[in-house]
file structure07.cif (mmCIF, C-alpha atoms)
data_protein
loop_
_atom_site.group_PDB
_atom_site.id
_atom_site.type_symbol
_atom_site.label_atom_id
_atom_site.label_comp_id
_atom_site.auth_asym_id
_atom_site.auth_seq_id
_atom_site.Cartn_x
_atom_site.Cartn_y
_atom_site.Cartn_z
ATOM 1 C CA MET O 1 0.000 0.000 0.000
ATOM 2 C CA SER O 2 1.195 3.532 -0.732
ATOM 3 C CA ASP O 3 1.077 6.186 1.960
ATOM 4 C CA SER O 4 -1.797 8.094 0.368
ATOM 5 C CA PRO O 5 -5.338 6.905 1.039
ATOM 6 C CA GLN O 6 -6.742 4.569 -1.602
ATOM 7 C CA TRP O 7 -9.938 5.829 -3.178
ATOM 8 C CA PHE O 8 -12.276 3.690 -5.218
ATOM 9 C CA ASP O 9 -13.900 6.761 -6.764
ATOM 10 C CA GLU O 10 -15.144 10.148 -5.624
ATOM 11 C CA GLU O 11 -18.556 8.873 -4.703
ATOM 12 C CA ALA O 12 -17.484 5.847 -2.763
ATOM 13 C CA GLY O 13 -14.739 7.657 -0.878
ATOM 14 C CA PRO O 14 -12.014 5.761 0.882
ATOM 15 C CA VAL O 15 -12.561 2.067 1.107
ATOM 16 C CA VAL O 16 -11.884 1.029 4.656
ATOM 17 C CA ARG O 17 -10.028 -2.230 4.653
ATOM 18 C CA PRO O 18 -10.358 -4.289 7.807
ATOM 19 C CA TYR O 19 -6.794 -3.577 8.855
ATOM 20 C CA ALA O 20 -7.433 0.139 8.596
ATOM 21 C CA LEU O 21 -9.855 -0.295 11.477
ATOM 22 C CA ILE O 22 -6.968 -1.379 13.624
ATOM 23 C CA ARG O 23 -4.496 1.084 12.188
ATOM 24 C CA GLY O 24 -2.506 -1.482 10.296
ATOM 25 C CA ARG O 25 -1.553 -3.522 13.306
ATOM 26 C CA THR O 26 -1.602 -7.265 13.178
ATOM 27 C CA ARG O 27 -0.366 -7.813 16.710
ATOM 28 C CA SER O 28 -1.876 -6.833 20.011
ATOM 29 C CA SER O 29 -2.391 -8.087 23.521
ATOM 30 C CA GLY O 30 -5.340 -10.000 22.083
ATOM 31 C CA ASP O 31 -3.170 -12.356 20.012
ATOM 32 C CA ALA O 32 -3.537 -15.240 22.355
ATOM 33 C CA PHE O 33 -7.318 -15.148 22.648
ATOM 34 C CA ASP O 34 -8.699 -18.573 21.910
ATOM 35 C CA LEU O 35 -11.414 -18.799 19.254
ATOM 36 C CA VAL O 36 -13.795 -20.088 21.892
ATOM 37 C CA ALA O 37 -12.693 -17.757 24.702
ATOM 38 C CA THR O 38 -15.630 -15.992 26.328
ATOM 39 C CA VAL O 39 -15.940 -12.221 25.931
ATOM 40 C CA ARG O 40 -18.059 -10.103 28.276
ATOM 41 C CA ALA O 41 -18.726 -6.382 28.315
ATOM 42 C CA ILE O 42 -17.730 -4.767 31.597
ATOM 43 C CA GLY O 43 -17.566 -1.186 32.775
ATOM 44 C CA ASP O 44 -19.036 1.913 31.180
ATOM 45 C CA PRO O 45 -18.323 2.530 27.485
ATOM 46 C CA PRO O 46 -16.524 5.837 26.843
ATOM 47 C CA ALA O 47 -18.291 8.239 24.498
ATOM 48 C CA GLU O 48 -15.625 8.284 21.790
ATOM 49 C CA LEU O 49 -15.694 4.565 21.054
ATOM 50 C CA GLY O 50 -15.398 3.470 17.403
ATOM 51 C CA PRO O 51 -18.368 1.810 15.697
ATOM 52 C CA GLU O 52 -16.790 -1.651 15.712
ATOM 53 C CA GLN O 53 -15.992 -1.454 19.409
ATOM 54 C CA GLN O 54 -19.556 -0.337 20.062
ATOM 55 C CA LEU O 55 -20.873 -3.329 18.130
ATOM 56 C CA ILE O 56 -18.593 -5.623 20.120
ATOM 57 C CA LEU O 57 -19.805 -4.166 23.418
ATOM 58 C CA ARG O 58 -23.402 -4.594 22.351
ATOM 59 C CA ALA O 59 -22.832 -8.179 21.242
ATOM 60 C CA ALA O 60 -20.920 -8.993 24.433
ATOM 61 C CA ARG O 61 -23.610 -7.885 26.882
ATOM 62 C CA ASN O 62 -24.218 -11.590 27.158
ATOM 63 C CA PRO O 63 -21.124 -13.813 27.132
ATOM 64 C CA ILE O 64 -20.079 -14.532 23.539
ATOM 65 C CA SER O 65 -17.147 -16.392 21.983
ATOM 66 C CA VAL O 66 -14.388 -14.732 19.950
ATOM 67 C CA ALA O 67 -15.424 -16.776 16.894
ATOM 68 C CA ASP O 68 -19.084 -15.770 17.259
ATOM 69 C CA LEU O 69 -18.058 -12.121 17.460
ATOM 70 C CA ALA O 70 -16.086 -12.453 14.219
ATOM 71 C CA VAL O 71 -19.125 -13.950 12.504
ATOM 72 C CA GLU O 72 -21.510 -11.393 13.967
ATOM 73 C CA LEU O 73 -19.393 -8.394 12.930
ATOM 74 C CA ASP O 74 -18.340 -10.094 9.675
ATOM 75 C CA LEU O 75 -14.683 -9.309 10.337
ATOM 76 C CA PRO O 76 -11.648 -11.589 10.141
ATOM 77 C CA VAL O 77 -10.648 -13.199 13.424
ATOM 78 C CA GLY O 78 -7.283 -11.429 13.353
ATOM 79 C CA VAL O 79 -8.989 -8.037 13.279
ATOM 80 C CA ILE O 80 -11.389 -8.983 16.070
ATOM 81 C CA ARG O 81 -8.459 -10.095 18.218
ATOM 82 C CA VAL O 82 -6.677 -6.766 17.858
ATOM 83 C CA LEU O 83 -9.876 -4.869 18.714
ATOM 84 C CA LEU O 84 -10.506 -7.132 21.709
ATOM 85 C CA GLY O 85 -6.928 -6.710 22.935
ATOM 86 C CA ASP O 86 -7.359 -2.932 22.956
ATOM 87 C CA MET O 87 -10.740 -3.152 24.627
ATOM 88 C CA ARG O 88 -9.464 -5.427 27.342
ATOM 89 C CA ASP O 89 -6.486 -3.123 27.969
ATOM 90 C CA ASN O 90 -9.008 -0.292 28.358
ATOM 91 C CA GLY O 91 -11.103 -2.250 30.819
ATOM 92 C CA LEU O 92 -14.144 -2.490 28.541
ATOM 93 C CA ILE O 93 -14.332 -6.255 28.316
ATOM 94 C CA SER O 94 -13.197 -9.345 30.116
ATOM 95 C CA VAL O 95 -11.932 -12.344 28.188
ATOM 96 C CA THR O 96 -12.011 -15.764 29.813
ATOM 97 C CA SER O 97 -9.915 -18.412 28.141
ATOM 98 C CA PRO O 98 -11.080 -21.982 28.235
ATOM 99 C CA SER O 99 -8.676 -23.618 30.651
ATOM 100 C CA ALA O 100 -5.781 -25.443 29.012
ATOM 101 C CA GLY O 101 -6.935 -28.925 28.137
ATOM 102 C CA GLY O 102 -9.965 -28.163 30.243
ATOM 103 C CA SER O 103 -12.380 -29.290 27.608
ATOM 104 C CA ARG O 104 -11.025 -32.776 27.929
ATOM 105 C CA SER O 105 -10.831 -32.775 31.651
ATOM 106 C CA ASN O 106 -14.368 -32.994 32.849
ATOM 107 C CA GLU O 107 -16.178 -36.306 32.590
ATOM 108 C CA ARG O 108 -19.453 -34.878 33.784
ATOM 109 C CA ILE O 109 -19.469 -32.301 30.975
ATOM 110 C CA LEU O 110 -18.603 -34.891 28.321
ATOM 111 C CA LYS O 111 -21.448 -37.125 29.481
ATOM 112 C CA GLU O 112 -23.765 -34.160 29.309
ATOM 113 C CA VAL O 113 -22.592 -33.463 25.749
ATOM 114 C CA ILE O 114 -23.224 -37.074 24.715
ATOM 115 C CA ASN O 115 -26.759 -36.938 26.106
ATOM 116 C CA GLY O 116 -27.317 -33.555 24.511
ATOM 117 C CA LEU O 117 -26.180 -34.824 21.106
ATOM 118 C CA ARG O 118 -28.466 -37.837 21.404
ATOM 119 C CA ALA O 119 -31.381 -35.527 22.098
ATOM 120 C CA LEU O 120 -30.750 -33.363 19.009
ATOM 121 C CA MET W 1 -29.782 -22.671 39.674
ATOM 122 C CA ASP W 2 -27.949 -19.496 40.604
ATOM 123 C CA SER W 3 -24.684 -21.316 41.018
ATOM 124 C CA VAL W 4 -24.968 -22.740 37.508
ATOM 125 C CA LEU W 5 -25.736 -19.361 35.982
ATOM 126 C CA SER W 6 -22.724 -17.745 37.589
ATOM 127 C CA GLU W 7 -20.407 -20.427 36.209
ATOM 128 C CA ASP W 8 -18.349 -19.563 33.184
ATOM 129 C CA PRO W 9 -19.908 -20.901 30.020
ATOM 130 C CA VAL W 10 -18.240 -24.089 28.848
ATOM 131 C CA ALA W 11 -17.112 -24.025 25.232
ATOM 132 C CA LEU W 12 -15.846 -27.238 23.637
ATOM 133 C CA LYS W 13 -14.026 -27.442 20.332
ATOM 134 C CA ILE W 14 -14.343 -30.274 17.856
ATOM 135 C CA LEU W 15 -12.289 -30.196 14.669
ATOM 136 C CA ILE W 16 -13.493 -31.579 11.357
ATOM 137 C CA ALA W 17 -10.581 -32.599 9.157
ATOM 138 C CA GLY W 18 -9.948 -34.490 5.937
ATOM 139 C CA GLY W 19 -8.968 -33.898 2.348
ATOM 140 C CA PHE W 20 -10.418 -31.327 -0.001
ATOM 141 C CA GLY W 21 -14.036 -31.978 -0.972
ATOM 142 C CA VAL W 22 -14.419 -34.920 1.357
ATOM 143 C CA GLY W 23 -17.532 -33.561 3.059
ATOM 144 C CA LYS W 24 -16.277 -31.396 5.944
ATOM 145 C CA THR W 25 -18.636 -28.530 5.163
ATOM 146 C CA THR W 26 -21.543 -30.905 4.656
ATOM 147 C CA LEU W 27 -20.918 -32.605 7.990
ATOM 148 C CA VAL W 28 -20.805 -29.323 9.891
ATOM 149 C CA GLY W 29 -23.964 -28.176 8.108
ATOM 150 C CA SER W 30 -25.816 -31.437 8.808
ATOM 151 C CA ILE W 31 -25.572 -31.084 12.541
ATOM 152 C CA SER W 32 -25.260 -27.397 13.283
ATOM 153 C CA GLU W 33 -26.061 -23.953 12.066
ATOM 154 C CA ILE W 34 -23.084 -23.321 9.804
ATOM 155 C CA LYS W 35 -21.444 -19.940 9.333
ATOM 156 C CA PRO W 36 -18.334 -18.984 7.439
ATOM 157 C CA LEU W 37 -15.660 -17.697 9.804
ATOM 158 C CA ARG W 38 -13.165 -15.373 8.166
ATOM 159 C CA THR W 39 -9.570 -15.426 9.150
ATOM 160 C CA GLU W 40 -7.076 -13.219 7.423
ATOM 161 C CA GLU W 41 -3.748 -14.917 7.393
ATOM 162 C CA VAL W 42 -0.259 -14.132 6.244
ATOM 163 C CA LEU W 43 0.738 -16.123 3.206
ATOM 164 C CA SER W 44 3.637 -18.459 3.713
ATOM 165 C CA ASP W 45 6.482 -18.525 1.172
ATOM 166 C CA ARG W 46 4.937 -21.625 -0.162
ATOM 167 C CA GLY W 47 1.593 -19.966 -0.759
ATOM 168 C CA ILE W 48 3.128 -17.094 -2.648
ATOM 169 C CA GLY W 49 4.086 -19.343 -5.543
ATOM 170 C CA ILE W 50 0.750 -21.099 -5.557
ATOM 171 C CA ASP W 51 -1.364 -17.959 -5.377
ATOM 172 C CA ASP W 52 0.771 -16.215 -8.001
ATOM 173 C CA LEU W 53 0.861 -12.737 -6.580
ATOM 174 C CA ASP W 54 3.043 -11.309 -9.366
ATOM 175 C CA GLY W 55 2.196 -7.657 -9.740
ATOM 176 C CA VAL W 56 0.514 -7.423 -6.365
ATOM 177 C CA GLU W 57 3.665 -7.418 -4.291
ATOM 178 C CA THR W 58 2.035 -5.487 -1.488
ATOM 179 C CA LYS W 59 -0.464 -8.212 -0.812
ATOM 180 C CA ASN W 60 0.866 -10.481 1.879
ATOM 181 C CA THR W 61 -2.354 -11.678 3.431
ATOM 182 C CA THR W 62 -5.103 -13.847 2.097
ATOM 183 C CA THR W 63 -8.557 -14.464 3.440
ATOM 184 C CA VAL W 64 -9.297 -17.971 4.545
ATOM 185 C CA ALA W 65 -12.844 -18.979 5.341
ATOM 186 C CA MET W 66 -13.313 -21.737 7.824
ATOM 187 C CA ASP W 67 -16.512 -23.689 8.386
ATOM 188 C CA PHE W 68 -17.788 -22.886 11.802
ATOM 189 C CA GLY W 69 -20.766 -24.505 13.481
ATOM 190 C CA ARG W 70 -22.296 -24.282 16.904
ATOM 191 C CA ILE W 71 -24.330 -26.852 18.805
ATOM 192 C CA THR W 72 -25.955 -25.539 21.963
ATOM 193 C CA ILE W 73 -26.277 -28.403 24.418
ATOM 194 C CA ARG W 74 -27.814 -26.144 27.045
ATOM 195 C CA ASP W 75 -27.443 -22.621 28.314
ATOM 196 C CA GLY W 76 -23.756 -22.268 29.092
ATOM 197 C CA LEU W 77 -22.620 -25.448 27.346
ATOM 198 C CA VAL W 78 -21.794 -25.111 23.674
ATOM 199 C CA VAL W 79 -19.919 -27.338 21.253
ATOM 200 C CA TYR W 80 -18.122 -25.505 18.452
ATOM 201 C CA LEU W 81 -17.225 -27.269 15.235
ATOM 202 C CA PHE W 82 -14.340 -25.997 13.135
ATOM 203 C CA GLY W 83 -13.690 -27.296 9.656
ATOM 204 C CA THR W 84 -9.915 -27.208 9.343
ATOM 205 C CA PRO W 85 -8.564 -25.580 6.200
ATOM 206 C CA GLY W 86 -7.333 -28.425 4.051
ATOM 207 C CA GLN W 87 -4.269 -26.984 2.369
ATOM 208 C CA GLU W 88 -0.945 -27.786 3.948
ATOM 209 C CA ARG W 89 0.084 -24.149 4.028
ATOM 210 C CA PHE W 90 -2.594 -23.454 6.603
ATOM 211 C CA TRP W 91 -1.259 -25.989 9.042
ATOM 212 C CA PHE W 92 -0.078 -23.321 11.405
ATOM 213 C CA MET W 93 -3.769 -22.643 12.016
ATOM 214 C CA TRP W 94 -4.299 -26.223 13.107
ATOM 215 C CA ASP W 95 -2.080 -25.771 16.140
ATOM 216 C CA GLU W 96 -4.308 -23.047 17.399
ATOM 217 C CA LEU W 97 -7.468 -24.918 16.525
ATOM 218 C CA SER W 98 -6.389 -28.151 18.158
ATOM 219 C CA TYR W 99 -5.233 -26.510 21.375
ATOM 220 C CA GLY W 100 -7.558 -27.761 24.079
ATOM 221 C CA ALA W 101 -9.823 -29.410 21.514
ATOM 222 C CA LEU W 102 -12.120 -32.119 22.728
ATOM 223 C CA GLY W 103 -11.296 -34.175 19.669
ATOM 224 C CA ALA W 104 -11.367 -34.407 15.910
ATOM 225 C CA VAL W 105 -13.316 -36.133 13.183
ATOM 226 C CA VAL W 106 -11.194 -37.183 10.211
ATOM 227 C CA ILE W 107 -13.429 -37.731 7.200
ATOM 228 C CA ALA W 108 -12.090 -40.255 4.732
ATOM 229 C CA ASP W 109 -13.062 -41.045 1.163
ATOM 230 C CA THR W 110 -12.098 -44.592 0.207
ATOM 231 C CA ARG W 111 -11.456 -43.535 -3.405
ATOM 232 C CA ARG W 112 -8.594 -41.325 -2.209
ATOM 233 C CA LEU W 113 -7.756 -42.524 1.232
ATOM 234 C CA THR W 114 -4.284 -41.021 1.159
ATOM 235 C CA ASP W 115 -5.869 -37.542 1.390
ATOM 236 C CA CYS W 116 -6.574 -38.086 5.054
ATOM 237 C CA PHE W 117 -3.078 -39.370 5.986
ATOM 238 C CA PRO W 118 -1.812 -35.911 7.003
ATOM 239 C CA SER W 119 -4.787 -35.348 9.315
ATOM 240 C CA VAL W 120 -4.384 -38.758 10.931
ATOM 241 C CA ASP W 121 -0.647 -38.159 11.422
ATOM 242 C CA TYR W 122 -1.277 -34.748 12.861
ATOM 243 C CA PHE W 123 -3.785 -35.825 15.502
ATOM 244 C CA GLU W 124 -1.759 -38.913 16.412
ATOM 245 C CA GLN W 125 1.286 -36.732 17.036
ATOM 246 C CA ARG W 126 -0.674 -34.135 19.001
ATOM 247 C CA GLY W 127 -2.395 -36.787 21.076
ATOM 248 C CA THR W 128 -5.781 -35.349 20.123
ATOM 249 C CA PRO W 129 -8.500 -38.021 20.359
ATOM 250 C CA PHE W 130 -9.993 -38.611 16.909
ATOM 251 C CA VAL W 131 -12.346 -40.861 15.009
ATOM 252 C CA VAL W 132 -12.227 -41.736 11.325
ATOM 253 C CA ALA W 133 -15.563 -41.342 9.557
ATOM 254 C CA VAL W 134 -15.612 -43.002 6.147
ATOM 255 C CA ASN W 135 -17.989 -40.976 4.028
ATOM 256 C CA CYS W 136 -19.918 -43.339 1.809
ATOM 257 C CA PHE W 137 -20.171 -41.482 -1.460
ATOM 258 C CA GLU W 138 -22.601 -42.920 -3.917
ATOM 259 C CA GLY W 139 -20.858 -45.447 -6.101
ATOM 260 C CA ALA W 140 -17.999 -45.748 -3.650
ATOM 261 C CA ASP W 141 -17.020 -49.220 -2.589
ATOM 262 C CA GLN W 142 -18.217 -50.075 0.860
ATOM 263 C CA HIS W 143 -14.756 -50.984 2.032
ATOM 264 C CA SER W 144 -14.968 -52.675 5.309
ATOM 265 C CA VAL W 145 -14.092 -50.649 8.335
ATOM 266 C CA ASP W 146 -11.282 -53.103 9.022
ATOM 267 C CA ASP W 147 -9.704 -52.470 5.624
ATOM 268 C CA VAL W 148 -9.664 -48.755 6.265
ATOM 269 C CA ARG W 149 -8.168 -49.303 9.703
ATOM 270 C CA ILE W 150 -5.367 -51.382 8.198
ATOM 271 C CA ALA W 151 -4.763 -48.959 5.344
ATOM 272 C CA LEU W 152 -4.479 -46.067 7.778
ATOM 273 C CA ASP W 153 -2.459 -48.122 10.263
ATOM 274 C CA LEU W 154 -4.634 -46.925 13.122
ATOM 275 C CA ASP W 155 -4.301 -47.855 16.766
ATOM 276 C CA GLU W 156 -6.875 -50.387 17.897
ATOM 277 C CA ASP W 157 -8.721 -47.946 20.086
ATOM 278 C CA VAL W 158 -9.350 -45.374 17.340
ATOM 279 C CA PRO W 159 -12.980 -45.705 16.244
ATOM 280 C CA VAL W 160 -13.557 -46.118 12.511
ATOM 281 C CA MET W 161 -17.086 -45.894 11.206
ATOM 282 C CA LEU W 162 -19.037 -45.589 7.999
ATOM 283 C CA CYS W 163 -21.173 -42.494 7.634
ATOM 284 C CA ASP W 164 -23.193 -40.372 5.279
ATOM 285 C CA VAL W 165 -22.311 -36.803 6.182
ATOM 286 C CA ARG W 166 -25.433 -35.484 4.469
ATOM 287 C CA ARG W 167 -27.669 -37.235 6.985
ATOM 288 C CA ARG W 168 -28.185 -35.595 10.338
ATOM 289 C CA THR W 169 -28.603 -38.893 12.196
ATOM 290 C CA SER W 170 -25.346 -40.140 10.715
ATOM 291 C CA ALA W 171 -23.539 -36.904 11.569
ATOM 292 C CA LYS W 172 -24.906 -37.134 15.126
ATOM 293 C CA GLU W 173 -23.657 -40.692 15.446
ATOM 294 C CA VAL W 174 -20.156 -39.600 14.371
ATOM 295 C CA MET W 175 -20.115 -36.802 16.975
ATOM 296 C CA ILE W 176 -21.377 -39.069 19.745
ATOM 297 C CA THR W 177 -18.752 -41.684 18.862
ATOM 298 C CA LEU W 178 -16.057 -39.026 19.091
ATOM 299 C CA VAL W 179 -17.160 -37.656 22.462
ATOM 300 C CA GLU W 180 -17.465 -41.196 23.841
ATOM 301 C CA HIS W 181 -13.948 -41.884 22.577
ATOM 302 C CA SER W 182 -12.649 -38.691 24.215
ATOM 303 C CA LEU W 183 -14.332 -39.744 27.438
ATOM 304 C CA ARG W 184 -12.659 -43.161 27.309
ATOM 305 C CA THR W 185 -9.283 -41.558 26.530
ATOM 306 C CA LEU W 186 -9.784 -39.294 29.512
ATOM 307 C CA ALA W 187 -10.817 -42.124 31.815
ATOM 308 C CA SER W 188 -7.804 -44.241 30.840
ATOM 309 C CA ALA W 189 -5.466 -41.302 31.414
ATOM 310 C CA ASN W 190 -6.714 -40.832 34.971
#

call {"tool": "encode", "arguments": {"input": "structure07.cif", "output": "structure tokens"}}
result
Amino acid sequence: MSDSPQWFDEEAGPVVRPYALIRGRTRSSGDAFDLVATVRAIGDPPAELGPEQQLILRAARNPISVADLAVELDLPVGVIRVLLGDMRDNGLISVTSPSAGGSRSNERILKEVINGLRAL
Amino acid sequence: MDSVLSEDPVALKILIAGGFGVGKTTLVGSISEIKPLRTEEVLSDRGIGIDDLDGVETKNTTTVAMDFGRITIRDGLVVYLFGTPGQERFWFMWDELSYGALGAVVIADTRRLTDCFPSVDYFEQRGTPFVVAVNCFEGADQHSVDDVRIALDLDEDVPVMLCDVRRRTSAKEVMITLVEHSLRTLASAN
């Protein structure tokens, strides 16, 4: 990309690529968020929040996974992670990682899943 | 039920693997509400030749869509299905996907069984519990489960089953077999 903004045409104006939303960064404190980590909105949203962050806060009023957020906002996971990293650093959200190997570690849960699948 | 509500939601990951066009998307769609999950990933050196980016030197990312399905068992207990991108150059994504995964389904097509070798190798090496689901395409030979087991050189305890990924009941059976296998693996480890 050149340094000047890329315009599609006068009418359309600048085309905002996903990475423009996160100011070209591909790394943040959100890198390590698991796809199925749980995101929750916490605290009061500041007034100057960007539209994507506002959408994330709205979607995360109830606990929601990182992957579900990416689908809901129709943004690549990498972009969502950068946004989430910022938002966590600013105390807007909490992110709970599934415990390491935890999904394999609970017999009661697995039995519940088996019964749940049977009932589908 | 207050104590249950205050618990963190439990999210389980199941991976759906196998060669290109083997029925991964169909399987996810048969049993869950399927959505495309976009990931934007850096191209590896290997991908650059394949994708032929001559003249677009500035482009160093490509969008990969992954099949993504969700099965809600109950409030606060959700199983997520991820169709793993088939091409070798996306293998770095598998490490992330398989981290903490409950298990994997490797879909096999008997007409090109070798396509699922890399998946089988991968999950064996990672120690991720997996089952092999032989998708019975119309006109495909109904190879016996034992033949497939021998051809893939699978451990005795790895379940191998025939399935029709288009059918919900069949897809359900595959998932149940996997979770039961994971449970057994867990029990024997304790």

call {"tool": "closest_residue", "arguments": {"input": "structure07.cif", "among": "W:Leu37, W:Val158, W:Leu81, W:Val22", "to": "Asn135 (chain W)", "atoms": "only C-alpha atoms"}}
result
W:Val22

call {"tool": "interface_residues", "arguments": {"input": "structure07.cif", "of": "chain O", "to": "chain W", "cutoff": "9 Å", "atoms": "all atoms listed in the file", "output": "CSV table (one decimal) with C-alpha atoms, in the coordinates of the input"}}
result
chain,number,residue,atom,x,y,z
O,1,MET,CA,0.0,0.0,0.0
O,34,ASP,CA,-8.7,-18.6,21.9
O,35,LEU,CA,-11.4,-18.8,19.3
O,36,VAL,CA,-13.8,-20.1,21.9
O,37,ALA,CA,-12.7,-17.8,24.7
O,38,THR,CA,-15.6,-16.0,26.3
O,63,PRO,CA,-21.1,-13.8,27.1
O,65,SER,CA,-17.1,-16.4,22.0
O,67,ALA,CA,-15.4,-16.8,16.9
O,68,ASP,CA,-19.1,-15.8,17.3
O,70,ALA,CA,-16.1,-12.5,14.2
O,71,VAL,CA,-19.1,-14.0,12.5
O,74,ASP,CA,-18.3,-10.1,9.7
O,75,LEU,CA,-14.7,-9.3,10.3
O,76,PRO,CA,-11.6,-11.6,10.1
O,77,VAL,CA,-10.6,-13.2,13.4
O,78,GLY,CA,-7.3,-11.4,13.4
O,79,VAL,CA,-9.0,-8.0,13.3
O,96,THR,CA,-12.0,-15.8,29.8
O,98,PRO,CA,-11.1,-22.0,28.2
O,99,SER,CA,-8.7,-23.6,30.7
O,100,ALA,CA,-5.8,-25.4,29.0
O,101,GLY,CA,-6.9,-28.9,28.1
O,102,GLY,CA,-10.0,-28.2,30.2
O,103,SER,CA,-12.4,-29.3,27.6
O,104,ARG,CA,-11.0,-32.8,27.9
O,105,SER,CA,-10.8,-32.8,31.7
O,106,ASN,CA,-14.4,-33.0,32.8
O,107,GLU,CA,-16.2,-36.3,32.6
O,109,ILE,CA,-19.5,-32.3,31.0
O,110,LEU,CA,-18.6,-34.9,28.3
O,111,LYS,CA,-21.4,-37.1,29.5
O,112,GLU,CA,-23.8,-34.2,29.3
O,113,VAL,CA,-22.6,-33.5,25.7
O,114,ILE,CA,-23.2,-37.1,24.7
O,115,ASN,CA,-26.8,-36.9,26.1
O,116,GLY,CA,-27.3,-33.6,24.5
O,117,LEU,CA,-26.2,-34.8,21.1
O,118,ARG,CA,-28.5,-37.8,21.4
O,120,LEU,CA,-30.8,-33.4,19.0

call {"tool": "closest_residue", "arguments": {"input": "structure07.cif", "among": "O:Ala119, O:Ala60, O:Ala47, O:Leu69", "to": "Arg81 (chain O)", "atoms": "all atoms listed in the file"}}
result
O:Leu69

call {"tool": "atom_distance", "arguments": {"input": "structure07.cif", "atom1": "CA of Asp153 (chain W)", "atom2": "CA of Leu113 (chain W)"}}
result
11.9 Å

call {"tool": "atom_distance", "arguments": {"input": "structure07.cif", "atom1": "CA of Val174 (chain W)", "atom2": "CA of Val160 (chain W)"}}
result
9.5 Å

call {"tool": "resolve_selection", "arguments": {"input": "structure07.cif", "expression": "the PyMOL selection byres ((chain W and resi 84) around 10)", "output": "PyMOL selection string"}}
result
chain W and resi 15-19+24-25+65-68+81-83+85-87+90-91+93-94+97-98+104+119

call {"tool": "atom_distance", "arguments": {"input": "structure07.cif", "atom1": "CA of Leu152 (chain W)", "atom2": "CA of Phe117 (chain W)"}}
result
7.1 Å

call {"tool": "resolve_selection", "arguments": {"input": "structure07.cif", "expression": "the PyMOL selection byres ((chain O and resi 83) around 9)", "output": "list in words"}}
result
Leu21, Ile22, Ser28, Gly30, Glu52, Gln53, Ile56, Gly78, Val79, Ile80, Arg81, Val82, Leu84, Gly85, Asp86, Met87 and Arg88 of chain O

call {"tool": "residues_around", "arguments": {"input": "structure07.cif", "residues": "Leu57 (chain O)", "least_positions_apart": "6", "cutoff": "8 Å", "atoms": "all atoms listed in the file", "output": "PyMOL selection string"}}
result
chain O and resi 40-41+45+92-93

call {"tool": "closest_residue", "arguments": {"input": "structure07.cif", "among": "W:His181, W:Phe130, W:Arg167, W:Asp155", "to": "Gly29 (chain W)", "atoms": "only C-alpha atoms"}}
result
W:Arg167

call {"tool": "axis_aligned_box", "arguments": {"input": "structure07.cif", "around": "region 84-97 of chain O", "padding_each_side": "6 Å", "output": "JSON"}}
result
{"center_x": -10.4, "center_y": -9.4, "center_z": 26.3, "size_x": 19.8, "size_y": 30.1, "size_z": 21.1}

call {"tool": "closest_residue", "arguments": {"input": "structure07.cif", "among": "W:Arg149, W:Arg166, W:Arg111, W:Arg126", "to": "Asp95 (chain W)", "atoms": "all atoms listed in the file"}}
result
W:Arg126

call {"tool": "build_atoms", "arguments": {"input": "structure07.cif", "residues": "region 52-62 of chain O", "atoms": "N, CA and C atoms", "output": "PDB file, in the frame of the given file"}}
result
ATOM      1  N   GLU O  52     -17.003  -0.217  15.544  1.00  0.00           N
ATOM      2  CA  GLU O  52     -16.790  -1.651  15.712  1.00  0.00           C
ATOM      3  C   GLU O  52     -16.754  -2.029  17.195  1.00  0.00           C
ATOM      4  N   GLN O  53     -16.053  -1.182  17.968  1.00  0.00           N
ATOM      5  CA  GLN O  53     -15.992  -1.454  19.409  1.00  0.00           C
ATOM      6  C   GLN O  53     -17.381  -1.390  20.031  1.00  0.00           C
ATOM      7  N   GLN O  54     -18.191  -0.434  19.541  1.00  0.00           N
ATOM      8  CA  GLN O  54     -19.556  -0.337  20.062  1.00  0.00           C
ATOM      9  C   GLN O  54     -20.353  -1.600  19.745  1.00  0.00           C
ATOM     10  N   LEU O  55     -20.166  -2.101  18.523  1.00  0.00           N
ATOM     11  CA  LEU O  55     -20.873  -3.329  18.130  1.00  0.00           C
ATOM     12  C   LEU O  55     -20.425  -4.498  18.996  1.00  0.00           C
ATOM     13  N   ILE O  56     -19.110  -4.542  19.275  1.00  0.00           N
ATOM     14  CA  ILE O  56     -18.593  -5.623  20.120  1.00  0.00           C
ATOM     15  C   ILE O  56     -19.208  -5.534  21.517  1.00  0.00           C
ATOM     16  N   LEU O  57     -19.236  -4.331  22.073  1.00  0.00           N
ATOM     17  CA  LEU O  57     -19.805  -4.166  23.418  1.00  0.00           C
ATOM     18  C   LEU O  57     -21.266  -4.600  23.455  1.00  0.00           C
ATOM     19  N   ARG O  58     -21.994  -4.229  22.402  1.00  0.00           N
ATOM     20  CA  ARG O  58     -23.402  -4.594  22.351  1.00  0.00           C
ATOM     21  C   ARG O  58     -23.553  -6.115  22.283  1.00  0.00           C
ATOM     22  N   ALA O  59     -22.733  -6.725  21.418  1.00  0.00           N
ATOM     23  CA  ALA O  59     -22.832  -8.179  21.242  1.00  0.00           C
ATOM     24  C   ALA O  59     -22.380  -8.925  22.493  1.00  0.00           C
ATOM     25  N   ALA O  60     -21.508  -8.293  23.280  1.00  0.00           N
ATOM     26  CA  ALA O  60     -20.920  -8.993  24.433  1.00  0.00           C
ATOM     27  C   ALA O  60     -21.637  -8.660  25.744  1.00  0.00           C
ATOM     28  N   ARG O  61     -22.830  -8.091  25.647  1.00  0.00           N
ATOM     29  CA  ARG O  61     -23.610  -7.885  26.882  1.00  0.00           C
ATOM     30  C   ARG O  61     -23.873  -9.228  27.531  1.00  0.00           C
ATOM     31  N   ASN O  62     -24.184 -10.207  26.687  1.00  0.00           N
ATOM     32  CA  ASN O  62     -24.218 -11.590  27.158  1.00  0.00           C
ATOM     33  C   ASN O  62     -22.924 -12.233  26.702  1.00  0.00           C
TER      34      ASN O  62
END
